[in-house]
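A.B. asks: Sharing a structure, written as C-alpha cells. Questions coming.
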There are 2 protein chains.
Amino acid sequence: MATLQDVARRAGVAPITVSRVVNNSGYVAQEVRARVEAAVAELGYVPNTLARSLRSRRTNTLALVLTDLTNPFFTTVARGAEDAASDAGLMMIVCNTDESAEEEAKYVKLLVQHRVDGILLVPACDGAEPLRFAQRHGVPVVVLDRRLPGVAADTVRCDSERGARELGELLVGLGHRAAAVLAGPVGVSTSDDRVSGFGAALATSGAVCAVYHGEFTQDSGAALVRAALAGEPRPTALFAANNFLTIGALRGLRELGLRVPEDVALVGFDDLPPALVTFPFLTVAAQPAYEMGRLAVEVLLARVRGDQEAPAPTREIVLPTELIVRQSSGARRPANPRE
Amino acid sequence: MATLQDVARRAGVAPITVSRVVNNSGYVAQEVRARVEAAVAELGYVPNTLARSLRSRRTNTLALVLTDLTNPFFTTVARGAEDAASDAGLMMIVCNTDESAEEEAKYVKLLVQHRVDGILLVPACDGAEPLRFAQRHGVPVVVLDRRLPGVAADTVRCDSERGARELGELLVGLGHRAAAVLAGPVGVSTSDDRVSGFGAALATSGAVCAVYHGEFTQDSGAALVRAALAGEPRPTALFAANNFLTIGALRGLRELGLRVPEDVALVGFDDLPPALVTFPFLTVAAQPAYEMGRLAVEVLLARVRGDQEAPAPTREIVLPTELIVRQSSGARRPANPRE
DNA sequence: TTGTAGGCGTTATCAT
DNA sequence: ATGATAACGCCTACAA
C-alpha cells in the first residue's frame, strides 16, 4: 500500500508537498502539482485517514445511536442523517441499543475511543451518564427524538405532547367520552409526553382516559388492546403511542372481531412510510422523521465546527407533528354508528 | 484528554506498562497493575483507537454498503449485520447508494481511506470496479444479496431463481395459464434471476409469461400493474419481484377495482417483517434477511482474520428462500372463482 | 517483570 | 513555492 512518502519519492518532492497537492492546500507550482498527481495515479495512492485523523483530530465520522433500526421511524431518521452526513463528506456509524442502558453505555464508550466527531443519541432511558461521558471527552452529542431533562445538550425532537393532544381533541370532537392509551415504557419521554398530551385533551372535556403501559412492540399493542377493552368504562377510542403499538392494536382488534372505526376508533403516533402502505387508513400524528435526521446532523455539525472554547448556547429544536386524519378515527362516536 | 503517557507518568511507570495493563497483555505485577488502574480511573483515560489502529492496521470497523436502508429487507439485513459485528466488538458504518454506481464508487473509496477492516457490498449494478478497488487495496469484500459474475469474492445471497420458480409452480398448480412479472431493473441479478426462475416454471407447463421492467419502488409496482393487465392474453396471476413492487401492485389493483385473489392472483418476493403487518395476506418467497446479515459478517470476519498470504478459496453461500403460501395467491384460478 | 527505541502515515509549525 | 522537523498516541521488537 503506497504511502505519501512513496509518492513523494516518486515525484522527487518532500512529503509535505504531496500532502498539499492531495488536500488542495497551500501553494504548489503547476508543474510540481502535475508531477505529484502523476505519481499518485501511478502508485494508486490512497490517503490514510487514520494518520490524518491522528494529526488533525478530526475523523470525519459521526455516529447514530438509536434503539432499533428496524422501526421504520428510525430507519427513516437514519436515512435522513446518513444523507446529510454524506453531503458533508462524513461517514456514519449506526448502533442499536434495543432500549438497553448498558448497550448504550458500551457503544458510547466505543465511539469515544474511535474519536468520532459527534454522536446523535436516542437515549435508551433517562440516564444521562453516557451522554455526559461523551461530552466530558470532548465529543459533542445531539439528543434525538427524546427529551433528556437536566442535561445541557442540543436536542432535536418532535412535540409529542402537542401531537397527542391534537389526536385527543379530534376524538373528543367526534363525541368520544371514554378512551384508552396504549403506551410505551414509563420513563421514555416520547411515551410519557404522548400520554400526558392525550390525557390533557380528554380531561379538558371531562372525558375518561385510562393508560396501559407496555413496550413499543406489536405484541405489546395486541396485548394492551385486550386489557384496555376490559376496562370500565369500556373505551370507544384507542390511542397507540407509536407505530408498532398501533399495528399491534389493529391486530388485536381484528382478533377480537372488532372493526375499526365502526366498533372502536383507533389513532396512533408515527405514520408509516408511503412505500409500505397500500391503503392509508390510520389517523395519526406524523413526525417528519427524515427531516429530523437531516436536521440533527446539521445541528451536530454546527457544534463540531463551532468554536470549542466559546461554545454556542445549547439549542432545543422542537418540530411540529402533522395531524393526518384518515379513516381509523371514524366520523362519529360508535354509539350511533350510522346516525 | 489524557493519553497513555499521562497515565504512565501518574502511575510512575513506562508507557508500555500502561499499554499492557489496558490491553491485558504481557506480564504486569499485581501492585503495578493496581497503581496503573488507579491512574486510569483518576485521569479518565480512554484509549485512542486511531493511534492503535495506525499501529496495528486494524480499525475494528466494518462497512455495509447497500442500496436503500429504507427497504425493510435491507433494514433487517443491516440489523443482523450490526448485531453480528457488535458481538465481535466491531463498529458498523452504513452507506446508501440509491442504486447509483457513482455513489457506490465514492463510498468504497472513502471506506478504503478509512481503512475499514472489511466491506459488505450490495452492488448497485454489474460494474465490479469498486469491489476490485477495495480488494486491490487489501480490504476484503463480501458481496451481499446479489451476484457479481466474473469476480472472485465471497458471496452471501438467496436462491432467487429457485424461489421464483416455486412461486411459478404454485400458480401453475392453481391453474393459471397466463401470468406477468413485475420486475426490477435489467442487470440487477436478483431481478433477473427472479424473472428467469418464474418464467421457467411457467414455460415448463406451457403457460404464458410476460415481463414488465421497472424500478424496485411502489410507484413502479402500481404502474406496471396497469401495463400488465393491458397485455394479451390478460394475465390471471402477477408476480412482483420485490416487496415494494408487491405493495405497489396491491395499490394498483385496488385502484383498478380488482380484488386479490378473486380477480387476480398476486405473489411476491420478500416477506414484510411481522411487526409491520397486521394481517399476513401475501403469498411470498421469503428471504432470511436477518440471518443473511449475520452470516455475511461472519464470512467477512473469517476473511479478515484469515491468513492474508494464503487466502482461503472464495465461498458462495446461497440460502434457500421459504415459500409462504397465504391468501393472495388464491386457491384456484379466477376463471371459476368458487367452483 | 519492566523499560527503551523506533515507527505506523500524516500534518502543524516554522524556516528558507 | 517548497522543505525540515517534530509530533499526534500507540504498540512491536528487543533489551535488561
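Ordering of the C-alpha cells sets the chain letters (A, B, ...); residue numbers start at 1 within each chain; ligands are numbered from 1 in the order shown.
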For region 182-190 of chain B, work out the shell of residues within 8 Å, counting only C-alpha atoms (C1' of nucleotides) and skipping chain neighbours fewer than 2 positions away, then give it as a PyMOL selection string.
C.D. replies: chain B and resi 124-126+145-148+160+180+192-195+211-216+221+224-225+228+238-242+245
A.B. asks: Could you take the residues named above and write them with N, CA and C atoms, as a PDB file, in the first residue's frame?
C.D. replies:
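Okay, selection_29.pdb is ready:
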ATOM      1  N   ALA B 124     -24.566  -1.974  -6.707  1.00  0.00           N
ATOM      2  CA  ALA B 124     -25.641  -1.199  -7.321  1.00  0.00           C
ATOM      3  C   ALA B 124     -25.953  -1.717  -8.718  1.00  0.00           C
ATOM      4  N   CYS B 125     -24.947  -2.192  -9.419  1.00  0.00           N
ATOM      5  CA  CYS B 125     -25.187  -2.734 -10.751  1.00  0.00           C
ATOM      6  C   CYS B 125     -24.078  -3.719 -11.049  1.00  0.00           C
ATOM      7  N   ASP B 126     -23.922  -4.124 -12.299  1.00  0.00           N
ATOM      8  CA  ASP B 126     -22.975  -5.195 -12.550  1.00  0.00           C
ATOM      9  C   ASP B 126     -21.524  -4.719 -12.639  1.00  0.00           C
ATOM     10  N   ASP B 145     -26.431 -10.320  -1.144  1.00  0.00           N
ATOM     11  CA  ASP B 145     -27.755 -10.284  -1.763  1.00  0.00           C
ATOM     12  C   ASP B 145     -27.745 -10.509  -3.273  1.00  0.00           C
ATOM     13  N   ARG B 146     -26.749  -9.958  -3.959  1.00  0.00           N
ATOM     14  CA  ARG B 146     -26.734 -10.040  -5.418  1.00  0.00           C
ATOM     15  C   ARG B 146     -25.511 -10.796  -5.925  1.00  0.00           C
ATOM     16  N   ARG B 147     -25.620 -11.291  -7.148  1.00  0.00           N
ATOM     17  CA  ARG B 147     -24.480 -11.935  -7.792  1.00  0.00           C
ATOM     18  C   ARG B 147     -23.635 -10.884  -8.492  1.00  0.00           C
ATOM     19  N   LEU B 148     -22.343 -11.147  -8.593  1.00  0.00           N
ATOM     20  CA  LEU B 148     -21.460 -10.280  -9.366  1.00  0.00           C
ATOM     21  C   LEU B 148     -20.552 -11.209 -10.154  1.00  0.00           C
ATOM     22  N   SER B 160     -32.632 -16.764  -5.649  1.00  0.00           N
ATOM     23  CA  SER B 160     -33.771 -16.039  -6.221  1.00  0.00           C
ATOM     24  C   SER B 160     -34.451 -16.854  -7.307  1.00  0.00           C
ATOM     25  N   ALA B 180     -47.886 -12.558 -15.415  1.00  0.00           N
ATOM     26  CA  ALA B 180     -46.974 -11.460 -15.741  1.00  0.00           C
ATOM     27  C   ALA B 180     -46.039 -11.218 -14.561  1.00  0.00           C
ATOM     28  N   ASP B 192     -33.208 -10.241 -12.337  1.00  0.00           N
ATOM     29  CA  ASP B 192     -33.014 -11.134 -13.483  1.00  0.00           C
ATOM     30  C   ASP B 192     -33.280 -12.586 -13.094  1.00  0.00           C
ATOM     31  N   ASP B 193     -32.743 -13.000 -11.962  1.00  0.00           N
ATOM     32  CA  ASP B 193     -32.907 -14.391 -11.539  1.00  0.00           C
ATOM     33  C   ASP B 193     -34.374 -14.712 -11.253  1.00  0.00           C
ATOM     34  N   ARG B 194     -35.062 -13.748 -10.693  1.00  0.00           N
ATOM     35  CA  ARG B 194     -36.464 -14.000 -10.373  1.00  0.00           C
ATOM     36  C   ARG B 194     -37.291 -14.086 -11.641  1.00  0.00           C
ATOM     37  N   VAL B 195     -36.979 -13.242 -12.591  1.00  0.00           N
ATOM     38  CA  VAL B 195     -37.672 -13.300 -13.879  1.00  0.00           C
ATOM     39  C   VAL B 195     -37.452 -14.658 -14.528  1.00  0.00           C
ATOM     40  N   VAL B 211     -43.157 -10.118 -19.226  1.00  0.00           N
ATOM     41  CA  VAL B 211     -42.286  -9.464 -18.244  1.00  0.00           C
ATOM     42  C   VAL B 211     -42.322  -7.949 -18.443  1.00  0.00           C
ATOM     43  N   TYR B 212     -42.508  -7.232 -17.343  1.00  0.00           N
ATOM     44  CA  TYR B 212     -42.532  -5.770 -17.399  1.00  0.00           C
ATOM     45  C   TYR B 212     -41.476  -5.239 -16.445  1.00  0.00           C
ATOM     46  N   HIS B 213     -40.544  -4.476 -16.984  1.00  0.00           N
ATOM     47  CA  HIS B 213     -39.451  -3.975 -16.151  1.00  0.00           C
ATOM     48  C   HIS B 213     -39.711  -2.570 -15.631  1.00  0.00           C
ATOM     49  N   GLY B 214     -39.289  -2.335 -14.407  1.00  0.00           N
ATOM     50  CA  GLY B 214     -39.411  -1.007 -13.798  1.00  0.00           C
ATOM     51  C   GLY B 214     -38.359  -0.835 -12.728  1.00  0.00           C
ATOM     52  N   GLU B 215     -38.675  -0.040 -11.730  1.00  0.00           N
ATOM     53  CA  GLU B 215     -37.778   0.139 -10.589  1.00  0.00           C
ATOM     54  C   GLU B 215     -38.286  -0.701  -9.422  1.00  0.00           C
ATOM     55  N   PHE B 216     -37.452  -0.826  -8.406  1.00  0.00           N
ATOM     56  CA  PHE B 216     -37.862  -1.513  -7.176  1.00  0.00           C
ATOM     57  C   PHE B 216     -38.605  -0.538  -6.255  1.00  0.00           C
ATOM     58  N   GLY B 221     -44.482  -0.418  -9.108  1.00  0.00           N
ATOM     59  CA  GLY B 221     -45.382  -1.561  -8.993  1.00  0.00           C
ATOM     60  C   GLY B 221     -46.783  -1.217  -9.454  1.00  0.00           C
ATOM     61  N   LEU B 224     -46.700  -0.723 -13.294  1.00  0.00           N
ATOM     62  CA  LEU B 224     -46.501  -1.968 -14.041  1.00  0.00           C
ATOM     63  C   LEU B 224     -47.768  -2.823 -14.040  1.00  0.00           C
ATOM     64  N   VAL B 225     -48.522  -2.730 -12.954  1.00  0.00           N
ATOM     65  CA  VAL B 225     -49.769  -3.500 -12.899  1.00  0.00           C
ATOM     66  C   VAL B 225     -50.684  -3.102 -14.051  1.00  0.00           C
ATOM     67  N   ALA B 228     -49.369  -4.479 -17.232  1.00  0.00           N
ATOM     68  CA  ALA B 228     -49.501  -5.938 -17.297  1.00  0.00           C
ATOM     69  C   ALA B 228     -50.935  -6.353 -17.617  1.00  0.00           C
ATOM     70  N   LEU B 238     -50.105 -12.423 -11.071  1.00  0.00           N
ATOM     71  CA  LEU B 238     -48.980 -11.494 -11.136  1.00  0.00           C
ATOM     72  C   LEU B 238     -47.907 -11.908 -10.141  1.00  0.00           C
ATOM     73  N   PHE B 239     -46.653 -11.683 -10.538  1.00  0.00           N
ATOM     74  CA  PHE B 239     -45.521 -11.931  -9.650  1.00  0.00           C
ATOM     75  C   PHE B 239     -44.703 -10.649  -9.548  1.00  0.00           C
ATOM     76  N   ALA B 240     -44.620 -10.101  -8.354  1.00  0.00           N
ATOM     77  CA  ALA B 240     -43.845  -8.878  -8.140  1.00  0.00           C
ATOM     78  C   ALA B 240     -42.483  -9.253  -7.576  1.00  0.00           C
ATOM     79  N   ALA B 241     -41.434  -8.702  -8.170  1.00  0.00           N
ATOM     80  CA  ALA B 241     -40.082  -9.188  -7.902  1.00  0.00           C
ATOM     81  C   ALA B 241     -39.442  -8.674  -6.625  1.00  0.00           C
ATOM     82  N   ASN B 242     -40.072  -7.737  -5.948  1.00  0.00           N
ATOM     83  CA  ASN B 242     -39.612  -7.431  -4.585  1.00  0.00           C
ATOM     84  C   ASN B 242     -40.749  -6.836  -3.758  1.00  0.00           C
ATOM     85  N   LEU B 245     -42.414  -3.485  -4.976  1.00  0.00           N
ATOM     86  CA  LEU B 245     -43.218  -3.742  -6.173  1.00  0.00           C
ATOM     87  C   LEU B 245     -44.530  -4.421  -5.792  1.00  0.00           C
TER      88      LEU B 245
END
A.B. asks: Just need the residues of chain D within 12 Å of chain A, counting only C-alpha atoms (C1' of nucleotides), so spit them out as a list of chain:residue names.
C.D. replies: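 For chain D, the answer reads D:DA1, D:DT2, D:DG3, D:DA4, D:DT5, D:DA6, D:DA7, D:DC8, D:DG9, D:DC10.
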A.B. asks: One number please: CA of Pro288 (chain B) to CA of Glu103 (chain A), in Å, one decimal.
C.D. replies: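 If I compute the distance from CA of Pro288 (chain B) to CA of Glu103 (chain A), I get 25.3 Å.
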A.B. asks: Would you mind reading off the distance between CA of Gly12 (chain A) and CA of Tyr45 (chain A), one decimal, in Å?
C.D. replies: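 Result for CA of Gly12 (chain A) versus CA of Tyr45 (chain A): 15.4 Å, one decimal.
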A.B. asks: Please report, as a PyMOL selection string, each residue of region 19-235 of chain B to which DSSP assigns strand (DSSP E or B) when run on this structure's backbone.
C.D. replies: chain B and resi 61-66+91-96+118-121+141-144+154-158+178-183+208-213
A.B. asks: Keeping only N, CA and C atoms, write the selected residues to a file as a compact mmCIF listing (two decimals), in the first residue's frame.
C.D. replies:
# COMPACT_ATOMS: atom_id res chain seq x y z
N THR B 61 -13.61 -1.91 12.49
CA THR B 61 -14.78 -1.28 11.89
C THR B 61 -15.09 -1.97 10.57
N LEU B 62 -16.35 -2.29 10.38
CA LEU B 62 -16.79 -2.84 9.10
C LEU B 62 -17.72 -1.83 8.44
N ALA B 63 -18.00 -2.06 7.17
CA ALA B 63 -18.94 -1.17 6.48
C ALA B 63 -19.97 -1.99 5.74
N LEU B 64 -21.16 -1.46 5.68
CA LEU B 64 -22.25 -2.08 4.93
C LEU B 64 -22.71 -1.08 3.89
N VAL B 65 -22.46 -1.42 2.63
CA VAL B 65 -22.87 -0.54 1.53
C VAL B 65 -24.08 -1.16 0.87
N LEU B 66 -25.22 -0.51 1.00
CA LEU B 66 -26.44 -1.08 0.40
C LEU B 66 -27.17 -0.03 -0.40
N MET B 91 -17.51 -1.96 15.11
CA MET B 91 -18.49 -0.95 14.75
C MET B 91 -18.88 -1.15 13.28
N MET B 92 -20.00 -0.55 12.93
CA MET B 92 -20.50 -0.75 11.56
C MET B 92 -20.88 0.58 10.92
N ILE B 93 -20.27 0.85 9.81
CA ILE B 93 -20.60 2.06 9.04
C ILE B 93 -21.63 1.68 7.98
N VAL B 94 -22.67 2.49 7.82
CA VAL B 94 -23.71 2.17 6.84
C VAL B 94 -23.76 3.24 5.76
N CYS B 95 -23.84 2.79 4.51
CA CYS B 95 -23.87 3.73 3.38
C CYS B 95 -24.98 3.35 2.41
N ASN B 96 -25.71 4.35 1.94
CA ASN B 96 -26.78 4.13 0.96
C ASN B 96 -26.34 4.61 -0.42
N GLY B 118 -13.24 -4.44 6.59
CA GLY B 118 -13.92 -5.20 5.54
C GLY B 118 -15.20 -4.50 5.13
N ILE B 119 -15.70 -4.89 3.96
CA ILE B 119 -16.89 -4.24 3.41
C ILE B 119 -17.93 -5.29 3.01
N LEU B 120 -19.16 -5.07 3.44
CA LEU B 120 -20.29 -5.84 2.93
C LEU B 120 -20.92 -5.01 1.83
N LEU B 121 -20.95 -5.55 0.63
CA LEU B 121 -21.39 -4.75 -0.51
C LEU B 121 -22.59 -5.35 -1.22
N VAL B 141 -13.92 -7.94 0.70
CA VAL B 141 -15.31 -7.59 0.40
C VAL B 141 -16.16 -8.84 0.36
N VAL B 142 -17.33 -8.79 0.96
CA VAL B 142 -18.33 -9.84 0.79
C VAL B 142 -19.49 -9.26 0.00
N VAL B 143 -19.79 -9.89 -1.12
CA VAL B 143 -20.92 -9.44 -1.92
C VAL B 143 -22.20 -9.99 -1.29
N LEU B 144 -23.15 -9.12 -1.11
CA LEU B 144 -24.33 -9.47 -0.34
C LEU B 144 -25.57 -9.34 -1.22
N ASP B 154 -16.17 -13.53 -1.88
CA ASP B 154 -17.18 -14.26 -1.13
C ASP B 154 -18.55 -13.64 -1.39
N THR B 155 -19.55 -14.50 -1.43
CA THR B 155 -20.90 -14.02 -1.70
C THR B 155 -21.88 -14.68 -0.75
N VAL B 156 -22.81 -13.90 -0.24
CA VAL B 156 -23.91 -14.43 0.57
C VAL B 156 -25.20 -13.91 -0.04
N ARG B 157 -26.02 -14.83 -0.53
CA ARG B 157 -27.25 -14.39 -1.17
C ARG B 157 -28.30 -15.48 -1.08
N CYS B 158 -29.49 -15.20 -1.58
CA CYS B 158 -30.53 -16.21 -1.62
C CYS B 158 -30.68 -16.75 -3.02
N ALA B 178 -51.75 -17.83 -17.76
CA ALA B 178 -51.17 -16.58 -18.25
C ALA B 178 -50.79 -15.73 -17.04
N ALA B 179 -49.51 -15.40 -16.97
CA ALA B 179 -49.04 -14.62 -15.83
C ALA B 179 -48.16 -13.47 -16.31
N ALA B 180 -47.89 -12.56 -15.42
CA ALA B 180 -46.97 -11.46 -15.74
C ALA B 180 -46.04 -11.22 -14.56
N VAL B 181 -44.80 -10.82 -14.89
CA VAL B 181 -43.83 -10.47 -13.86
C VAL B 181 -43.66 -8.96 -13.81
N LEU B 182 -43.78 -8.41 -12.62
CA LEU B 182 -43.44 -7.01 -12.41
C LEU B 182 -42.02 -7.01 -11.90
N ALA B 183 -41.08 -6.67 -12.79
CA ALA B 183 -39.66 -6.86 -12.48
C ALA B 183 -38.97 -5.56 -12.13
N VAL B 208 -48.20 -18.91 -20.44
CA VAL B 208 -47.65 -17.67 -20.97
C VAL B 208 -47.15 -16.78 -19.84
N CYS B 209 -46.01 -16.13 -20.07
CA CYS B 209 -45.48 -15.23 -19.03
C CYS B 209 -44.88 -13.98 -19.65
N ALA B 210 -45.50 -12.84 -19.41
CA ALA B 210 -44.98 -11.57 -19.90
C ALA B 210 -44.15 -10.91 -18.81
N VAL B 211 -43.16 -10.12 -19.23
CA VAL B 211 -42.29 -9.46 -18.24
C VAL B 211 -42.32 -7.95 -18.44
N TYR B 212 -42.51 -7.23 -17.34
CA TYR B 212 -42.53 -5.77 -17.40
C TYR B 212 -41.48 -5.24 -16.45
N HIS B 213 -40.54 -4.48 -16.98
CA HIS B 213 -39.45 -3.97 -16.15
C HIS B 213 -39.71 -2.57 -15.63
A.B. asks: One decimal, Å: what's the distance from CA of Leu202 (chain B) over to CA of His176 (chain B), could you say?
C.D. replies: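 One can read the CA of Leu202 (chain B) to CA of His176 (chain B) distance as 9.0 Å.
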A.B. asks: Could you check which of B:Ala38, B:Leu131, B:Ala203, B:Leu276 is closest to chain A, using only C-alpha atoms?
C.D. replies: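 Of the candidates, the smallest distance to chain A is held by B:Leu276.
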A.B. asks: Mind the document's chain letters and residue numbers, and return as a count of residues only the residues of region 100-244 of chain B that DSSP labels helix (DSSP H, G or I).
C.D. replies: 65
A.B. asks: Could you list the residues in chain C lying within 7 Å of chain A, using only C-alpha atoms (C1' of nucleotides), and format the result as number ranges by chain?
C.D. replies: C: 9-11
